[in-house]
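K.L.:
Okay, so here is input_5.csv, and as you'll see once you scroll down, it has CSV, C-alpha atoms and all ligand atoms.
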```csv
chain,number,residue,atom,x,y,z
A,1047,MET,CA,191.6,182.8,224.3
A,1048,ALA,CA,193.5,186.0,224.1
A,1049,PRO,CA,197.2,185.4,223.3
A,1050,ASP,CA,198.5,186.3,226.8
A,1051,ALA,CA,195.8,184.2,228.4
A,1052,THR,CA,196.9,181.2,226.2
A,1053,GLU,CA,200.4,181.8,227.3
A,1054,GLN,CA,199.4,181.8,230.9
A,1055,PHE,CA,197.4,178.6,230.4
A,1056,GLN,CA,200.4,176.9,228.7
A,1057,GLU,CA,202.6,178.0,231.5
A,1058,LYS,CA,200.3,176.4,234.0
A,1059,CYS,CA,200.1,173.2,231.9
A,1060,GLU,CA,203.8,173.0,231.8
A,1061,VAL,CA,204.0,172.9,235.6
A,1062,VAL,CA,201.3,170.2,235.8
A,1063,LEU,CA,202.5,168.2,232.8
A,1064,ARG,CA,206.1,168.2,233.7
A,1065,PRO,CA,206.3,166.9,237.3
A,1066,GLU,CA,210.0,166.4,236.9
A,1067,LEU,CA,210.3,170.2,237.2
A,1068,GLN,CA,209.6,169.7,240.9
A,1069,ASP,CA,212.2,167.0,241.2
A,1070,ALA,CA,215.7,167.6,242.4
A,1071,LEU,CA,218.0,169.2,239.9
A,1072,VAL,CA,221.0,168.1,242.0
A,1073,ARG,CA,220.8,165.2,244.4
A,1074,LEU,CA,223.5,164.0,246.8
A,1075,GLU,CA,222.8,160.5,247.8
A,1076,ASN,CA,224.4,159.2,250.9
A,1077,VAL,CA,227.6,161.1,250.1
A,1078,SER,CA,230.6,160.6,252.4
A,1079,LYS,CA,234.1,162.1,252.0
A,1080,ILE,CA,236.8,160.8,254.2
A,1081,PHE,CA,240.2,162.6,253.7
A,1082,PRO,CA,243.6,160.9,254.2
A,1083,GLY,CA,244.2,160.4,257.9
A,1084,GLY,CA,240.5,159.6,258.4
A,1085,ILE,CA,239.4,163.2,258.5
A,1086,VAL,CA,235.7,163.4,257.9
A,1087,GLY,CA,234.7,166.0,255.3
A,1088,LEU,CA,231.1,164.7,254.7
A,1089,ASP,CA,229.3,162.0,256.6
A,1090,ALA,CA,226.4,160.3,254.8
A,1091,VAL,CA,224.9,163.5,253.3
A,1092,ASP,CA,221.5,163.3,251.5
A,1093,LEU,CA,220.5,166.6,249.8
A,1094,ASP,CA,218.0,167.5,247.1
A,1095,ILE,CA,218.6,170.9,245.4
A,1096,ALA,CA,215.5,172.1,243.4
A,1097,ALA,CA,215.8,173.8,240.0
A,1098,GLY,CA,215.9,177.5,240.3
A,1099,GLU,CA,216.3,177.8,244.1
A,1100,PHE,CA,218.8,179.8,246.1
A,1101,LEU,CA,220.2,177.3,248.5
A,1102,THR,CA,222.7,178.2,251.2
A,1103,LEU,CA,225.0,175.9,253.1
A,1104,LEU,CA,225.6,177.4,256.5
A,1105,GLY,CA,227.7,176.2,259.4
A,1106,PRO,CA,230.9,176.8,261.4
A,1107,SER,CA,234.4,176.5,259.9
A,1108,GLY,CA,235.3,172.9,259.0
A,1109,CYS,CA,231.7,171.5,258.9
A,1110,GLY,CA,232.0,170.4,255.3
A,1111,LYS,CA,230.5,173.3,253.3
A,1112,THR,CA,233.3,173.7,250.8
A,1113,THR,CA,233.7,170.0,250.5
A,1114,SER,CA,230.0,169.8,249.5
A,1115,LEU,CA,230.5,172.4,246.7
A,1116,ARG,CA,233.7,170.6,245.5
A,1117,VAL,CA,231.8,167.3,245.3
A,1118,ILE,CA,229.0,168.9,243.3
A,1119,ALA,CA,231.5,170.7,241.0
A,1120,GLY,CA,233.6,167.5,240.5
A,1121,PHE,CA,236.8,168.8,242.1
A,1122,GLU,CA,236.5,166.2,244.8
A,1123,SER,CA,235.2,162.6,244.3
A,1124,PRO,CA,233.1,161.2,247.2
A,1125,THR,CA,234.5,158.2,249.1
A,1126,SER,CA,231.1,156.7,248.8
A,1127,GLY,CA,227.6,157.8,247.6
A,1128,LYS,CA,226.4,159.4,244.4
A,1129,VAL,CA,225.9,162.8,242.8
A,1130,LEU,CA,222.9,163.1,240.4
A,1131,LEU,CA,222.0,165.8,238.0
A,1132,ASP,CA,218.5,165.6,236.5
A,1133,GLY,CA,218.4,162.1,237.8
A,1134,ARG,CA,221.6,161.1,235.9
A,1135,ASP,CA,224.6,159.8,237.8
A,1136,ILE,CA,227.4,162.3,237.3
A,1137,THR,CA,229.7,161.1,240.1
A,1138,GLY,CA,232.4,160.1,237.6
A,1139,LEU,CA,232.2,163.2,235.4
A,1140,ARG,CA,235.1,165.6,235.4
A,1141,PRO,CA,234.5,169.3,236.4
A,1142,PHE,CA,234.4,170.6,232.8
A,1143,GLU,CA,231.9,167.9,231.8
A,1144,ARG,CA,229.3,169.2,234.3
A,1145,PRO,CA,227.0,172.1,233.6
A,1146,VAL,CA,228.2,173.7,236.8
A,1147,ASN,CA,230.3,176.8,237.5
A,1148,THR,CA,232.0,178.0,240.6
A,1149,VAL,CA,232.7,181.5,242.0
A,1150,PHE,CA,235.7,181.0,244.3
A,1151,GLN,CA,236.2,182.9,247.6
A,1152,ASP,CA,239.3,184.7,246.3
A,1153,TYR,CA,237.7,185.3,242.8
A,1154,ALA,CA,240.7,183.7,241.0
A,1155,LEU,CA,240.8,186.4,238.3
A,1156,PHE,CA,243.7,186.6,235.9
A,1157,PRO,CA,245.5,189.8,236.8
A,1158,HIS,CA,247.2,190.2,233.4
A,1159,MET,CA,243.9,190.1,231.5
A,1160,ASP,CA,241.4,192.9,231.2
A,1161,VAL,CA,237.8,192.5,232.4
A,1162,ALA,CA,236.4,191.3,229.0
A,1163,GLU,CA,239.2,188.8,228.6
A,1164,ASN,CA,238.6,187.4,232.1
A,1165,VAL,CA,234.9,187.0,231.5
A,1166,GLY,CA,235.4,185.6,228.0
A,1167,PHE,CA,238.0,183.1,229.2
A,1168,GLY,CA,235.5,180.3,229.9
A,1169,LEU,CA,233.8,180.9,226.5
A,1170,SER,CA,237.0,180.7,224.6
A,1171,LEU,CA,237.1,176.9,225.1
A,1172,ARG,CA,233.7,176.7,223.3
A,1173,LYS,CA,233.1,176.8,219.6
A,1174,LEU,CA,231.6,180.3,219.3
A,1175,SER,CA,232.2,183.0,216.7
A,1176,GLY,CA,234.2,186.1,217.9
A,1177,ALA,CA,231.0,188.2,217.6
A,1178,ASP,CA,228.9,185.8,219.6
A,1179,GLN,CA,231.6,185.6,222.3
A,1180,ALA,CA,231.8,189.4,222.5
A,1181,ARG,CA,228.0,189.7,222.7
A,1182,ARG,CA,227.8,187.2,225.6
A,1183,VAL,CA,230.6,188.9,227.5
A,1184,ARG,CA,228.8,192.2,227.1
A,1185,GLU,CA,225.5,190.7,228.3
A,1186,ALA,CA,227.1,189.1,231.3
A,1187,LEU,CA,228.9,192.3,232.3
A,1188,ASP,CA,225.6,194.2,231.8
A,1189,MET,CA,223.9,191.8,234.2
A,1190,VAL,CA,226.4,192.6,237.0
A,1191,GLY,CA,226.4,196.3,236.2
A,1192,LEU,CA,229.9,196.5,234.8
A,1193,ALA,CA,229.1,197.3,231.1
A,1194,ASP,CA,231.4,200.3,231.2
A,1195,LYS,CA,234.4,198.4,232.5
A,1196,LEU,CA,234.9,196.1,229.5
A,1197,ARG,CA,238.5,197.1,228.9
A,1198,ALA,CA,239.5,197.9,232.5
A,1199,ARG,CA,242.5,196.1,234.1
A,1200,VAL,CA,241.6,193.9,237.0
A,1201,SER,CA,244.1,195.7,239.1
A,1202,GLU,CA,242.2,199.0,238.7
A,1203,LEU,CA,239.0,197.5,240.1
A,1204,SER,CA,237.6,197.8,243.7
A,1205,GLY,CA,236.9,194.6,245.7
A,1206,GLY,CA,233.2,194.9,244.9
A,1207,GLN,CA,233.9,195.2,241.1
A,1208,ARG,CA,236.2,192.2,241.1
A,1209,GLN,CA,233.5,190.3,242.8
A,1210,ARG,CA,231.2,191.2,239.9
A,1211,VAL,CA,233.7,190.2,237.3
A,1212,ALA,CA,234.0,186.8,239.0
A,1213,LEU,CA,230.2,186.5,238.9
A,1214,ALA,CA,230.0,187.6,235.2
A,1215,ARG,CA,232.7,185.0,234.3
A,1216,ALA,CA,230.7,182.3,236.0
A,1217,ILE,CA,227.3,183.2,234.5
A,1218,VAL,CA,228.6,183.8,230.9
A,1219,CYS,CA,228.7,180.0,230.3
A,1220,GLU,CA,225.0,179.7,231.4
A,1221,PRO,CA,225.6,176.9,233.9
A,1222,ARG,CA,222.6,175.0,235.3
A,1223,VAL,CA,224.0,175.4,238.7
A,1224,LEU,CA,226.2,178.2,240.1
A,1225,LEU,CA,228.3,177.4,243.1
A,1226,LEU,CA,229.5,180.3,245.3
A,1227,ASP,CA,232.0,179.7,248.1
A,1228,GLU,CA,231.8,182.6,250.6
A,1229,PRO,CA,231.5,185.0,247.6
A,1230,LEU,CA,231.1,188.2,249.7
A,1231,SER,CA,233.4,187.4,252.6
A,1232,ALA,CA,236.2,189.8,251.3
A,1233,LEU,CA,233.8,192.8,251.2
A,1234,ASP,CA,233.2,195.3,254.0
A,1235,ALA,CA,229.9,195.1,255.8
A,1236,HIS,CA,228.1,197.9,253.9
A,1237,LEU,CA,229.1,196.7,250.4
A,1238,ARG,CA,228.3,193.1,251.5
A,1239,GLU,CA,224.7,194.0,252.3
A,1240,GLN,CA,224.3,195.7,249.0
A,1241,MET,CA,225.8,192.7,247.1
A,1242,GLN,CA,223.5,190.3,248.9
A,1243,VAL,CA,220.5,192.2,247.4
A,1244,GLU,CA,222.2,192.2,244.0
A,1245,LEU,CA,223.1,188.5,244.1
A,1246,LYS,CA,219.5,187.6,245.0
A,1247,ARG,CA,218.2,189.8,242.2
A,1248,LEU,CA,220.6,188.3,239.7
A,1249,GLN,CA,219.6,184.8,240.7
A,1250,ALA,CA,215.9,185.6,240.2
A,1251,ARG,CA,216.6,187.2,236.8
A,1252,LEU,CA,218.6,184.3,235.5
A,1253,GLY,CA,216.5,181.6,237.1
A,1254,THR,CA,219.7,179.6,237.7
A,1255,THR,CA,220.1,177.4,240.7
A,1256,PHE,CA,222.5,179.0,243.1
A,1257,VAL,CA,224.2,177.1,245.9
A,1258,MET,CA,226.1,179.4,248.2
A,1259,VAL,CA,228.3,178.7,251.1
A,1260,THR,CA,228.6,181.1,254.1
A,1261,HIS,CA,229.4,181.0,257.8
A,1262,ASP,CA,227.4,184.2,258.3
A,1263,GLN,CA,223.9,183.4,259.5
A,1264,THR,CA,222.5,186.9,258.9
A,1265,GLU,CA,223.6,186.6,255.2
A,1266,ALA,CA,222.1,183.1,254.9
A,1267,LEU,CA,218.8,184.3,256.4
A,1268,SER,CA,218.5,187.4,254.2
A,1269,ILE,CA,219.3,185.8,250.8
A,1270,SER,CA,218.2,182.1,250.7
A,1271,ASP,CA,215.1,180.3,249.6
A,1272,ARG,CA,216.3,177.4,251.8
A,1273,ILE,CA,219.2,177.0,254.2
A,1274,VAL,CA,221.1,173.8,255.0
A,1275,VAL,CA,222.6,173.9,258.4
A,1276,MET,CA,225.7,171.7,258.6
A,1277,ASN,CA,227.7,170.4,261.6
A,1278,LYS,CA,230.7,168.1,261.5
A,1279,GLY,CA,230.1,166.8,258.0
A,1280,ARG,CA,226.4,166.2,258.6
A,1281,ILE,CA,223.1,168.1,257.9
A,1282,GLU,CA,221.4,169.2,261.0
A,1283,GLN,CA,218.3,170.8,259.4
A,1284,ILE,CA,217.1,172.0,256.0
A,1285,ALA,CA,214.4,174.7,256.0
A,1286,PRO,CA,213.4,178.1,254.7
A,1287,PRO,CA,214.9,181.0,256.7
A,1288,ALA,CA,211.7,181.8,258.7
A,1289,THR,CA,211.2,178.1,259.7
A,1290,LEU,CA,214.8,177.7,260.7
A,1291,TYR,CA,214.5,180.8,262.9
A,1292,ASP,CA,211.1,180.0,264.4
A,1293,ARG,CA,211.4,176.2,264.6
A,1294,PRO,CA,215.0,175.1,264.9
A,1295,ALA,CA,215.0,171.4,265.3
A,1296,THR,CA,218.1,171.0,267.4
A,1297,LYS,CA,220.1,172.8,270.0
A,1298,PHE,CA,222.9,173.3,267.5
A,1299,VAL,CA,220.7,175.0,265.0
A,1300,ALA,CA,219.0,177.1,267.7
A,1301,SER,CA,222.3,178.4,269.0
A,1302,PHE,CA,223.7,179.0,265.5
A,1303,ILE,CA,220.8,181.0,264.1
A,1304,GLY,CA,220.3,184.3,265.9
A,1305,THR,CA,220.4,184.4,269.6
A,1306,MET,CA,218.5,181.9,271.6
A,1307,ASN,CA,218.1,181.2,275.3
A,1308,LEU,CA,218.4,177.5,275.8
A,1309,LEU,CA,216.5,177.0,279.1
A,1310,GLN,CA,216.5,173.7,281.0
A,1311,SER,CA,212.8,173.6,281.9
A,1312,ARG,CA,210.5,171.4,283.9
A,1313,PHE,CA,207.3,170.1,282.2
A,1314,VAL,CA,204.2,171.2,284.0
A,1315,GLY,CA,201.3,170.2,281.9
A,1316,ARG,CA,199.5,170.4,278.6
A,1317,ASP,CA,196.7,172.7,277.2
A,1318,ARG,CA,195.8,171.3,273.8
A,1319,GLU,CA,198.8,172.2,271.5
A,1320,ARG,CA,200.6,174.1,274.2
A,1321,LEU,CA,203.1,172.4,276.4
A,1322,ARG,CA,203.6,174.3,279.7
A,1323,PHE,CA,207.1,174.4,281.2
A,1324,ALA,CA,208.9,176.3,284.0
A,1325,ALA,CA,212.5,177.5,283.8
A,1326,GLY,CA,213.1,178.1,287.5
A,1327,GLU,CA,210.0,180.3,288.3
A,1328,LEU,CA,209.6,181.5,284.7
A,1329,PRO,CA,206.5,180.0,283.0
A,1330,LEU,CA,207.0,179.0,279.4
A,1331,GLU,CA,204.9,177.6,276.6
A,1332,ALA,CA,206.4,175.4,274.1
A,1333,THR,CA,205.5,173.5,270.9
A,1334,SER,CA,206.7,170.1,270.0
A,1335,ASP,CA,207.2,169.3,266.3
A,1336,SER,CA,207.5,165.6,267.2
A,1337,GLY,CA,204.1,165.6,268.9
A,1338,GLU,CA,205.8,164.2,272.0
A,1339,THR,CA,204.2,165.0,275.4
A,1340,PRO,CA,206.8,164.7,278.2
A,1341,ALA,CA,205.8,163.3,281.6
A,1342,ALA,CA,205.2,165.6,284.5
A,1343,GLY,CA,208.5,166.8,286.0
A,1344,ASP,CA,210.5,165.9,282.9
A,1345,ILE,CA,213.4,168.3,282.0
A,1346,ARG,CA,213.6,169.5,278.4
A,1347,THR,CA,215.6,172.3,276.7
A,1348,ILE,CA,213.2,175.1,275.6
A,1349,GLY,CA,214.5,177.7,273.1
A,1350,VAL,CA,213.4,181.2,273.8
A,1351,ARG,CA,214.3,184.2,271.6
A,1352,PRO,CA,215.4,187.4,273.5
A,1353,GLU,CA,212.7,189.3,271.6
A,1354,ASP,CA,210.0,186.9,272.9
A,1355,LEU,CA,210.7,188.0,276.5
A,1356,LEU,CA,209.3,191.0,278.3
A,1357,ALA,CA,211.0,192.8,281.2
A,1358,ALA,CA,208.8,194.9,283.5
A,1359,SER,CA,209.5,196.9,286.6
A,1360,GLN,CA,206.5,195.4,288.5
A,1361,ALA,CA,205.8,191.8,289.3
A,1362,ALA,CA,202.6,190.4,287.9
A,1363,GLU,CA,200.9,187.1,287.1
A,1364,GLY,CA,203.3,185.0,285.0
A,1365,THR,CA,206.5,187.0,285.7
A,1366,ALA,CA,209.7,185.8,287.4
A,1367,PRO,CA,212.2,188.2,289.1
A,1368,ALA,CA,215.7,188.3,287.6
A,1369,ARG,CA,218.7,190.4,288.6
A,1370,VAL,CA,220.1,192.4,285.7
A,1371,SER,CA,223.8,191.7,285.3
A,1372,GLY,CA,224.5,193.5,282.0
A,1373,VAL,CA,222.9,196.1,279.7
A,1374,VAL,CA,224.1,196.3,276.1
A,1375,PHE,CA,222.9,199.0,273.8
A,1376,HIS,CA,221.8,197.6,270.4
A,1377,GLY,CA,220.2,200.6,268.8
A,1378,ARG,CA,216.4,200.0,268.6
A,1379,THR,CA,216.6,197.6,271.5
A,1380,VAL,CA,218.6,197.1,274.7
A,1381,ARG,CA,219.8,193.7,275.5
A,1382,LEU,CA,219.5,192.8,279.1
A,1383,HIS,CA,221.6,189.9,280.6
A,1384,ALA,CA,219.9,188.7,283.8
A,1385,GLU,CA,220.0,185.9,286.4
A,1386,LEU,CA,216.8,184.1,287.1
A,1387,GLY,CA,218.2,182.3,290.1
A,1388,GLN,CA,219.0,178.6,290.4
A,1389,GLY,CA,221.9,179.3,288.1
A,1390,ILE,CA,219.8,180.2,285.1
A,1391,SER,CA,221.1,183.1,282.9
A,1392,ILE,CA,218.8,184.7,280.4
A,1393,VAL,CA,219.0,187.3,277.7
A,1394,ILE,CA,216.1,189.7,277.0
A,1395,ASP,CA,215.8,192.3,274.1
A,1396,ALA,CA,213.8,195.1,275.6
A,1397,PRO,CA,212.6,198.0,273.4
A,1398,ARG,CA,214.5,201.2,274.1
A,1399,ARG,CA,212.4,203.6,276.1
A,1400,ALA,CA,213.2,207.3,276.3
A,1401,ASP,CA,210.5,207.7,278.9
A,1402,GLY,CA,209.6,205.3,281.8
A,1403,PHE,CA,211.7,202.6,283.2
A,1404,GLN,CA,215.2,202.0,282.0
A,1405,PHE,CA,217.1,199.0,283.5
A,1406,ASN,CA,220.5,199.3,285.1
A,1407,VAL,CA,222.9,196.6,286.3
A,1408,GLY,CA,221.8,195.4,289.7
A,1409,ASP,CA,218.1,196.2,289.1
A,1410,VAL,CA,215.4,193.5,289.4
A,1411,ALA,CA,213.5,193.0,286.2
A,1412,HIS,CA,210.3,191.0,286.1
A,1413,ILE,CA,210.5,188.6,283.2
A,1414,SER,CA,207.7,187.0,281.3
A,1415,LEU,CA,207.1,185.2,278.0
A,1416,ARG,CA,205.4,187.4,275.4
A,1417,ARG,CA,201.8,186.4,274.9
A,1418,GLY,CA,201.4,184.2,271.8
A,1419,ALA,CA,205.2,183.4,271.6
A,1420,SER,CA,205.7,179.7,271.1
A,1421,CYS,CA,209.1,178.3,271.8
A,1422,PRO,CA,210.6,175.1,270.3
A,1423,MET,CA,211.3,172.1,272.5
A,1424,LEU,CA,214.8,171.1,271.3
A,1425,SER,CA,216.5,167.8,270.9
A,1426,SER,CA,220.2,167.6,271.6
A,1501,LIG,N1,242.0,168.3,251.0
A,1501,LIG,C1,241.8,168.0,252.3
A,1501,LIG,N2,242.6,167.2,253.0
A,1501,LIG,C2,242.4,166.9,254.3
A,1501,LIG,N3,241.3,167.4,255.0
A,1501,LIG,C3,240.5,168.2,254.4
A,1501,LIG,C4,240.7,168.6,253.0
A,1501,LIG,N4,239.7,169.5,252.6
A,1501,LIG,C5,238.9,169.6,253.7
A,1501,LIG,N5,239.4,168.9,254.8
A,1501,LIG,C6,238.8,168.8,256.1
A,1501,LIG,O1,237.5,168.4,256.0
A,1501,LIG,C7,236.6,169.1,256.9
A,1501,LIG,C8,235.6,170.0,256.1
A,1501,LIG,O2,236.3,171.0,255.4
A,1501,LIG,P1,235.6,172.1,254.6
A,1501,LIG,O3,234.6,171.4,253.7
A,1501,LIG,O4,236.6,172.9,253.9
A,1501,LIG,O5,234.8,173.0,255.7
A,1501,LIG,P2,234.1,174.4,255.6
A,1501,LIG,O6,234.1,174.8,254.2
A,1501,LIG,O7,232.8,174.1,256.1
A,1501,LIG,O8,234.9,175.3,256.5
A,1501,LIG,C9,237.6,169.9,257.7
A,1501,LIG,O9,237.9,169.2,258.9
A,1501,LIG,C10,238.8,170.1,256.8
A,1501,LIG,O10,240.0,170.3,257.6
A,1502,MG,MG,235.0,176.6,253.3
```
Can you give me the file's structure in the form of structure tokens?

P.N.:
Amino acid sequence: MAPDATEQFQEKCEVVLRPELQDALVRLENVSKIFPGGIVGLDAVDLDIAAGEFLTLLGPSGCGKTTSLRVIAGFESPTSGKVLLDGRDITGLRPFERPVNTVFQDYALFPHMDVAENVGFGLSLRKLSGADQARRVREALDMVGLADKLRARVSELSGGQRQRVALARAIVCEPRVLLLDEPLSALDAHLREQMQVELKRLQARLGTTFVMVTHDQTEALSISDRIVVMNKGRIEQIAPPATLYDRPATKFVASFIGTMNLLQSRFVGRDRERLRFAAGELPLEATSDSGETPAAGDIRTIGVRPEDLLAASQAAEGTAPARVSGVVFHGRTVRLHAELGQGISIVIDAPRRADGFQFNVGDVAHISLRRGASCPMLSS
């Protein structure tokens, strides 16, 4: 075989022969954290984090995201349950004994040190020659695009640059797992979007497992391989971004990720995979991940994305009339708020039309489900 063909072959063998590569790098096993006063931080959390993945913990304030990171880092010991790394129980190890580094929300840089000293700080505890240290500091700063700021004072840097120094300081020690607690929350929207792309690129280049915390669902959707949605110390759903968006498992996930109409709907009947419902007069088609078929007349919550609804000026087969109560300009689309009757409010994202029919408050729009759209049937 040609040398590169041999290499490819060996790479394939490695994946086949080392099944442990597919196992969890980090595993939380039935982890609970109860704070003094009985405050629940984590409630029986089971979580597998794969080697090399970009995993995001997403949820509202107080749901247990930071506590999860602190338990993985060793800053917090669980009340019950175990933390495993490579199958080894590390629950009792202290933070510096774990191959884990954290980028804190406020960066926690040393203001009296320059950039190189900040980045080298973690390395200074290791037995490395001065030359090796300096080389690794330069490499880490190069990775985050700050090679020219080696001797700059932290106080001279912009918010985005400080963010990068904090990143460089965390990766210079070559951790197995990098924990990032709301790393971009201090940046303005534009810089934040740019840093999301850079963070993802950095993770791909390093191949390091990243576990990031955010309360921003757009950020989670754009950056993650998988997202863990948390609520009140528990995991609601773990899935890749597109699955979470298309097939949220619960009402909580559906309402937290993007905008979703949660429509109380009556079961009408089944055509093969399609479950037919009606929300008031609006016909809907749903899918059930559980395979459950409701009984005729049963009421279920169906999740319908605003972009899966059409608004027309004329009634037709499959449409239901709705009174427009609000029109919000969103750029490429216009968001219509409308009342379907029977107390059902609905949100529709209609393409912006320079020509033709433009809806105004008080108009009647004829609403229908986009052909081919399938909407999740949600559990509570
Ligand atoms: N050291 C602590 N002492 C008491 N309660 C805490 C402590 N740390 C966190 N909590 C509580 O645990 C819950 C989860 O907190 P946290 O993990 O910080 O949430 P998040 O990062 O998702 O906003 C919250 O109710 C919070 O008030
Ligand atoms: Mg937090």

K.L.:
So which residues are near ligand MG 1502 (chain A), meaning at most 10 Å away with all atoms listed in the file counted, given back as a list in words?

P.N.:
Leu1104, Gly1105, Pro1106, Ser1107, Gly1108, Cys1109, Gly1110, Lys1111, Thr1112, Thr1113, Ser1114, Leu1115, Arg1116, Gln1151, Asp1227, Glu1228, Val1259, Thr1260 and His1261 of chain A

K.L.:
Would you pick out the contacts of segment 1212-1226 of chain A at 6 Å or less, using all atoms listed in the file, so that residues sharing its chain but fewer than 3 positions from it are not included, and give the list as a PDB file with C-alpha atoms, in the frame of the given file?

P.N.:
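out_27.pdb, freshly written:
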```pdb
ATOM      1  CA  PRO A1145     227.000 172.100 233.600  1.00  0.00           C
ATOM      2  CA  VAL A1146     228.200 173.700 236.800  1.00  0.00           C
ATOM      3  CA  ASN A1147     230.300 176.800 237.500  1.00  0.00           C
ATOM      4  CA  THR A1148     232.000 178.000 240.600  1.00  0.00           C
ATOM      5  CA  VAL A1149     232.700 181.500 242.000  1.00  0.00           C
ATOM      6  CA  TYR A1153     237.700 185.300 242.800  1.00  0.00           C
ATOM      7  CA  VAL A1165     234.900 187.000 231.500  1.00  0.00           C
ATOM      8  CA  ALA A1186     227.100 189.100 231.300  1.00  0.00           C
ATOM      9  CA  LEU A1187     228.900 192.300 232.300  1.00  0.00           C
ATOM     10  CA  GLN A1209     233.500 190.300 242.800  1.00  0.00           C
ATOM     11  CA  PRO A1229     231.500 185.000 247.600  1.00  0.00           C
ATOM     12  CA  THR A1254     219.700 179.600 237.700  1.00  0.00           C
ATOM     13  CA  THR A1255     220.100 177.400 240.700  1.00  0.00           C
ATOM     14  CA  PHE A1256     222.500 179.000 243.100  1.00  0.00           C
ATOM     15  CA  VAL A1257     224.200 177.100 245.900  1.00  0.00           C
ATOM     16  CA  MET A1258     226.100 179.400 248.200  1.00  0.00           C
TER      17      MET A1258
END
```

K.L.:
Rounded to one decimal place, report the atom CA of Leu1074 of chain A-atom CA of Gly1120 of chain A distance in Å.

P.N.:
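Separation of atom CA of Leu1074 of chain A and atom CA of Gly1120 of chain A: 12.4 Å.
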
K.L.:
At what distance in Å, to one decimal, does atom CA of Glu1282 of chain A lie from atom CA of Phe1081 of chain A?

P.N.:
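A separation of 21.2 Å between them.
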
K.L.:
Would you list the contacts of His1376 of chain A as JSON, numbers by chain, taking every protein, DNA or RNA residue within 12 Å and counting only C-alpha atoms, but skipping same-chain residues closer than 3 positions in sequence?

P.N.:
{"A": [1373, 1379, 1380, 1381, 1382, 1394, 1395, 1396, 1397, 1398]}

K.L.:
Which one is closest to ligand LIG 1501 (chain A): A:Gly1279, A:Gly1166, A:Pro1422, A:Gly1133? Count only C-alpha atoms and all ligand atoms.

P.N.:
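Ranking A:Gly1279, A:Gly1166, A:Pro1422, A:Gly1133 by distance to ligand LIG 1501 (chain A), first place goes to A:Gly1279.
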
K.L.:
Find the residues around segment 1330-1345 of chain A up to 8 Å (all atoms listed in the file counted), leave out those fewer than 6 positions away in its own chain, and share them as a PDB file with C-alpha atoms, keeping the file's coordinate frame.

P.N.:
```pdb
ATOM      1  CA  GLN A1310     216.500 173.700 281.000  1.00  0.00           C
ATOM      2  CA  SER A1311     212.800 173.600 281.900  1.00  0.00           C
ATOM      3  CA  ARG A1312     210.500 171.400 283.900  1.00  0.00           C
ATOM      4  CA  PHE A1313     207.300 170.100 282.200  1.00  0.00           C
ATOM      5  CA  VAL A1314     204.200 171.200 284.000  1.00  0.00           C
ATOM      6  CA  GLY A1315     201.300 170.200 281.900  1.00  0.00           C
ATOM      7  CA  ARG A1316     199.500 170.400 278.600  1.00  0.00           C
ATOM      8  CA  GLU A1319     198.800 172.200 271.500  1.00  0.00           C
ATOM      9  CA  ARG A1320     200.600 174.100 274.200  1.00  0.00           C
ATOM     10  CA  LEU A1321     203.100 172.400 276.400  1.00  0.00           C
ATOM     11  CA  ARG A1322     203.600 174.300 279.700  1.00  0.00           C
ATOM     12  CA  PHE A1323     207.100 174.400 281.200  1.00  0.00           C
ATOM     13  CA  ALA A1324     208.900 176.300 284.000  1.00  0.00           C
ATOM     14  CA  LEU A1415     207.100 185.200 278.000  1.00  0.00           C
ATOM     15  CA  ALA A1419     205.200 183.400 271.600  1.00  0.00           C
ATOM     16  CA  SER A1420     205.700 179.700 271.100  1.00  0.00           C
ATOM     17  CA  CYS A1421     209.100 178.300 271.800  1.00  0.00           C
ATOM     18  CA  PRO A1422     210.600 175.100 270.300  1.00  0.00           C
ATOM     19  CA  MET A1423     211.300 172.100 272.500  1.00  0.00           C
TER      20      MET A1423
END
```

K.L.:
Between A:Leu1139, A:Val1274, A:Ala1288, A:Leu1237, which has the minimum distance to ligand LIG 1501 (chain A) (counting only C-alpha atoms and all ligand atoms)?

P.N.:
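Residue with the minimum atom-to-atom distance to ligand LIG 1501 (chain A): A:Val1274.
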
K.L.:
Find the distance between atom CA of Pro1157 of chain A and atom CA of Gln1207 of chain A and write it in Å to one decimal.

P.N.:
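So the answer is 13.5 Å.
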
K.L.:
Write out as a list in words each polymer residue whose atoms come within 8 Å of Ala1266 of chain A, counting all atoms listed in the file; drop sequence neighbours fewer than 2 positions from it.

P.N.:
Thr1102, Leu1103, Leu1104, Thr1260, Asp1262, Gln1263, Thr1264, Ser1268, Ile1269, Ser1270, Ile1273 and Pro1287 of chain A
